[in-house]
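J.: This is the structure I want to talk about, given as structure tokens.
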Amino acid sequence: MNNAREARQMLRAHRYGALCTLSKKFDGHPFGSITPYLVDHDGSLLILISTLAEHTKNIQYDSRVSLITHNQDSPHIQTQGRITVVGTAQIITDKDKAGTRYLRYFPEAQTYFDMHDFSIYRIMPQALRYIGSFGKIHWIEASSYLVPPHPLIQQENDVISHMNADHRDTMRHYCQHFHRIEVLHVEMLGIDCDGFDVRADEKILHFDFPEMVLDAQQARHALIAMSRDTS
């Protein structure tokens, strides 16, 4: 697996990061804040932020940002995997379209989403600093990281509906086999070229595909292969 795909999978497995913007109030001084994020199909990041927030004012002043996230299950902060995205943030004009996917992952944000002063911004990466483990440190250019358009983007909702309607038992087996967790309620939230996410009771679990999946047929084959591994 190449470093760019490993970096995307690490970003997709996490739900929040430290966002750094350039302060309007303090003449470009770095300003850090914590924000939830969602990795879109192409690898860009979606964040829901208020016009009243300091980081939003900063983005409107200077769109250059960075966001760092890390292996949030590991106590070894200096040696754990982490990744920093360096890029620019721009408001998304079609809030509802982006919001459909975002709110599947963050349903608790519905109240904020409905407020007129909250908008979705897209962080478009320019480069990424990827630290996979001790000694595995790389700069990754956006040209190798970003994913071109592919059919699964438009087919995602149909795959999710099918899995949630007909294959909840299979997803419970995924949780048991790959994450060693017994769960009652399971629901697929999203699927992309690198893997998929399941809400398992109150926790979101991420599952990586061994190879990239670019359409619904490839997704079907990958999910069936994973199901065989659980038997």
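Ligands are numbered from 1 in the order shown, chains are lettered A, B, ... in the order of the structure tokens, and residues start at 1 in each chain.
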Show me a table, sorted first by chain and then by increasing residue number, of the residues of region 79-155 of chain A having an atom at most 8 Å from region 194-217 of chain A, each with its shortest atom pair and the distance in Å to one decimal, counting only C-alpha atoms and written as a Markdown table.
T.:
| residue | atom | partner | partner_atom | distance |
| --- | --- | --- | --- | --- |
| A:His150 | CA | A:Leu214 | CA | 5.8 |
| A:Pro151 | CA | A:Asp215 | CA | 5.0 |
| A:Leu152 | CA | A:Asp215 | CA | 4.2 |
| A:Ile153 | CA | A:Asp215 | CA | 7.9 |
| A:Gln155 | CA | A:Ala216 | CA | 6.3 |
J.: Could you list, as number ranges by chain, every residue within 12 Å of Gly99 (chain A), counting only C-alpha atoms and ignoring same-chain residues fewer than 4 positions away?
T.: A: 37-38, 40, 46-48, 92-95, 103-107, 109-110, 112-114, 118-122
J.: Using only C-alpha atoms, pick whichever of A:Arg228, A:Arg168, A:Arg180, A:Arg129 has the shortest atom-to-atom distance to His70 (chain A).
T.: A:Arg129
J.: Tell me which of A:Pro148, A:Thr230, A:Met115, A:Glu141 sits closest to Thr170 (chain A), counting only C-alpha atoms.
T.: A:Thr230
J.: Let's see if you can do this: from backbone DSSP, list all alpha helix (DSSP H) residues in region 8-158 of chain A, as a PyMOL selection string.
T.: chain A and resi 8-13+54-61+95-105+110-114+142-145+152-158
J.: What would the file look like if the residues just selected were written as a short mmCIF file (atom, residue, chain, number, x, y, z; two decimals), in the first residue's frame with N, CA and C atoms?
T.:
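This went into again_12.cif:
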data_model
loop_
_atom_site.label_atom_id
_atom_site.label_comp_id
_atom_site.auth_asym_id
_atom_site.auth_seq_id
_atom_site.Cartn_x
_atom_site.Cartn_y
_atom_site.Cartn_z
N ARG A 8 -4.79 8.67 3.69
CA ARG A 8 -6.25 8.84 3.57
C ARG A 8 -6.98 7.94 4.56
N GLN A 9 -6.53 6.71 4.68
CA GLN A 9 -7.21 5.78 5.59
C GLN A 9 -7.07 6.23 7.04
N MET A 10 -5.93 6.79 7.38
CA MET A 10 -5.77 7.30 8.74
C MET A 10 -6.72 8.47 8.98
N LEU A 11 -6.80 9.38 8.03
CA LEU A 11 -7.72 10.51 8.17
C LEU A 11 -9.16 10.03 8.26
N ARG A 12 -9.53 9.07 7.44
CA ARG A 12 -10.91 8.58 7.43
C ARG A 12 -11.28 7.87 8.73
N ALA A 13 -10.30 7.31 9.42
CA ALA A 13 -10.58 6.56 10.64
C ALA A 13 -10.85 7.46 11.83
N GLU A 54 -14.07 32.07 16.00
CA GLU A 54 -12.82 32.76 15.69
C GLU A 54 -12.13 32.14 14.48
N HIS A 55 -12.16 30.81 14.39
CA HIS A 55 -11.47 30.19 13.25
C HIS A 55 -12.15 30.51 11.92
N THR A 56 -13.47 30.72 11.94
CA THR A 56 -14.16 31.10 10.70
C THR A 56 -13.77 32.51 10.27
N LYS A 57 -13.70 33.41 11.22
CA LYS A 57 -13.26 34.77 10.91
C LYS A 57 -11.85 34.75 10.32
N ASN A 58 -11.01 33.88 10.88
CA ASN A 58 -9.65 33.77 10.38
C ASN A 58 -9.61 33.24 8.95
N ILE A 59 -10.43 32.21 8.67
CA ILE A 59 -10.48 31.64 7.33
C ILE A 59 -10.95 32.67 6.31
N GLN A 60 -11.93 33.48 6.71
CA GLN A 60 -12.41 34.52 5.81
C GLN A 60 -11.35 35.60 5.57
N TYR A 61 -10.46 35.75 6.53
CA TYR A 61 -9.34 36.70 6.42
C TYR A 61 -8.20 36.11 5.58
N LYS A 95 -24.85 23.72 0.57
CA LYS A 95 -24.74 23.21 1.93
C LYS A 95 -25.54 21.92 2.11
N ASP A 96 -26.73 21.84 1.53
CA ASP A 96 -27.59 20.68 1.75
C ASP A 96 -26.98 19.41 1.16
N LYS A 97 -26.37 19.51 -0.01
CA LYS A 97 -25.79 18.33 -0.64
C LYS A 97 -24.65 17.78 0.20
N ALA A 98 -23.75 18.65 0.64
CA ALA A 98 -22.64 18.21 1.49
C ALA A 98 -23.14 17.77 2.86
N GLY A 99 -24.21 18.42 3.33
CA GLY A 99 -24.73 18.14 4.66
C GLY A 99 -25.33 16.76 4.80
N THR A 100 -25.88 16.20 3.72
CA THR A 100 -26.48 14.87 3.78
C THR A 100 -25.48 13.84 4.28
N ARG A 101 -24.29 13.86 3.71
CA ARG A 101 -23.26 12.91 4.12
C ARG A 101 -22.69 13.27 5.50
N TYR A 102 -22.47 14.55 5.72
CA TYR A 102 -21.90 15.00 6.99
C TYR A 102 -22.79 14.60 8.17
N LEU A 103 -24.09 14.79 8.03
CA LEU A 103 -25.01 14.55 9.15
C LEU A 103 -25.23 13.07 9.42
N ARG A 104 -24.94 12.21 8.48
CA ARG A 104 -24.98 10.78 8.78
C ARG A 104 -23.93 10.44 9.84
N TYR A 105 -22.80 11.11 9.77
CA TYR A 105 -21.72 10.86 10.73
C TYR A 105 -21.90 11.67 12.01
N GLN A 110 -27.22 18.42 13.75
CA GLN A 110 -28.38 18.86 12.96
C GLN A 110 -28.86 20.24 13.39
N THR A 111 -28.91 20.50 14.69
CA THR A 111 -29.38 21.80 15.18
C THR A 111 -28.49 22.93 14.66
N TYR A 112 -27.17 22.71 14.71
CA TYR A 112 -26.24 23.73 14.21
C TYR A 112 -26.38 23.88 12.69
N PHE A 113 -26.54 22.75 12.01
CA PHE A 113 -26.66 22.77 10.55
C PHE A 113 -27.85 23.61 10.11
N ASP A 114 -28.93 23.55 10.89
CA ASP A 114 -30.15 24.28 10.53
C ASP A 114 -30.05 25.78 10.80
N ALA A 142 -0.55 16.63 -2.87
CA ALA A 142 -1.99 16.47 -3.13
C ALA A 142 -2.25 15.70 -4.41
N SER A 143 -1.38 15.84 -5.39
CA SER A 143 -1.58 15.17 -6.69
C SER A 143 -1.61 13.65 -6.55
N SER A 144 -0.88 13.11 -5.57
CA SER A 144 -0.90 11.66 -5.36
C SER A 144 -1.92 11.24 -4.29
N TYR A 145 -2.38 12.20 -3.49
CA TYR A 145 -3.31 11.91 -2.40
C TYR A 145 -4.77 11.97 -2.83
N LEU A 152 -18.57 5.17 -7.54
CA LEU A 152 -19.06 4.89 -6.19
C LEU A 152 -19.57 6.15 -5.49
N ILE A 153 -19.08 7.31 -5.88
CA ILE A 153 -19.54 8.56 -5.26
C ILE A 153 -21.05 8.69 -5.43
N GLN A 154 -21.54 8.44 -6.64
CA GLN A 154 -22.98 8.54 -6.90
C GLN A 154 -23.74 7.31 -6.42
N GLN A 155 -23.06 6.19 -6.27
CA GLN A 155 -23.71 4.94 -5.88
C GLN A 155 -23.72 4.72 -4.37
N GLU A 156 -23.07 5.59 -3.63
CA GLU A 156 -22.90 5.38 -2.19
C GLU A 156 -24.23 5.19 -1.47
N ASN A 157 -25.20 6.06 -1.72
CA ASN A 157 -26.48 5.98 -0.99
C ASN A 157 -27.19 4.65 -1.24
N ASP A 158 -27.11 4.14 -2.47
CA ASP A 158 -27.76 2.85 -2.78
C ASP A 158 -27.06 1.71 -2.04
#
J.: Give the answer as one residue: which of A:Ser66, A:Thr21, A:Gln80, A:Ser227 has the shortest atom-to-atom distance to Gly132 (chain A), using only C-alpha atoms?
T.: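 Of the candidates, the smallest distance to Gly132 (chain A) is held by A:Gln80.
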J.: With only C-alpha atoms as the atoms that count, which of A:Asp192, A:Glu6, A:Asp27, A:Asp117 lies nearest to Ala53 (chain A)?
T.: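 Result for the nearest residue to Ala53 (chain A): A:Asp117.
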J.: From the set A:Gln176, A:Thr51, A:Gln218, A:Ser23, which residue has the shortest atom-to-atom contact distance to Arg64 (chain A), counting only C-alpha atoms?
T.: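 Of the candidates, the smallest distance to Arg64 (chain A) is held by A:Ser23.
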J.: Could you jot down the CA of Thr35 (chain A) to CA of Leu52 (chain A) separation for me, Å, one decimal place?
T.: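 Interatomic distance here is 14.3 Å.
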J.: Could you please write out, as a CSV table (one decimal) with C-alpha atoms, in the first residue's frame, every residue of region 110-173 of chain A that DSSP assigns to strand (DSSP E or B)?
T.:
chain,number,residue,atom,x,y,z
A,118,PHE,CA,-23.4,27.7,10.2
A,119,SER,CA,-21.8,26.7,6.9
A,120,ILE,CA,-19.8,23.8,5.6
A,121,TYR,CA,-16.3,24.5,4.5
A,122,ARG,CA,-14.1,22.2,2.4
A,123,ILE,CA,-10.4,22.0,3.3
A,124,MET,CA,-8.6,21.2,0.0
A,125,PRO,CA,-5.2,19.6,0.7
A,126,GLN,CA,-2.1,21.0,-0.9
A,127,ALA,CA,0.3,18.7,0.9
A,128,LEU,CA,0.2,16.3,3.9
A,129,ARG,CA,2.8,15.4,6.5
A,130,TYR,CA,2.2,11.7,7.3
A,131,ILE,CA,3.8,9.9,10.2
A,132,GLY,CA,2.8,6.3,10.1
A,133,SER,CA,5.0,5.1,12.9
A,136,LYS,CA,7.9,6.2,8.7
A,137,ILE,CA,7.7,9.9,8.0
A,138,HIS,CA,6.7,11.4,4.6
A,139,TRP,CA,5.6,14.5,2.8
A,140,ILE,CA,2.7,13.6,0.4
A,141,GLU,CA,1.7,15.9,-2.5
J.: For CA of Val159 (chain A) and CA of Cys193 (chain A), quote the distance in Å rounded to one decimal.
T.: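 Interatomic distance here is 12.6 Å.
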J.: In Å to one decimal, how far is CA of His116 (chain A) from CA of Phe31 (chain A)?
T.: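 Rounded to one decimal, the two atoms are 24.7 Å apart.
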J.: Which is closest to His177 (chain A) among A:Ser231, A:Arg82, A:Leu189, A:Asn164, if we use only C-alpha atoms?
T.: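 Ranking A:Ser231, A:Arg82, A:Leu189, A:Asn164 by distance to His177 (chain A), first place goes to A:Ser231.
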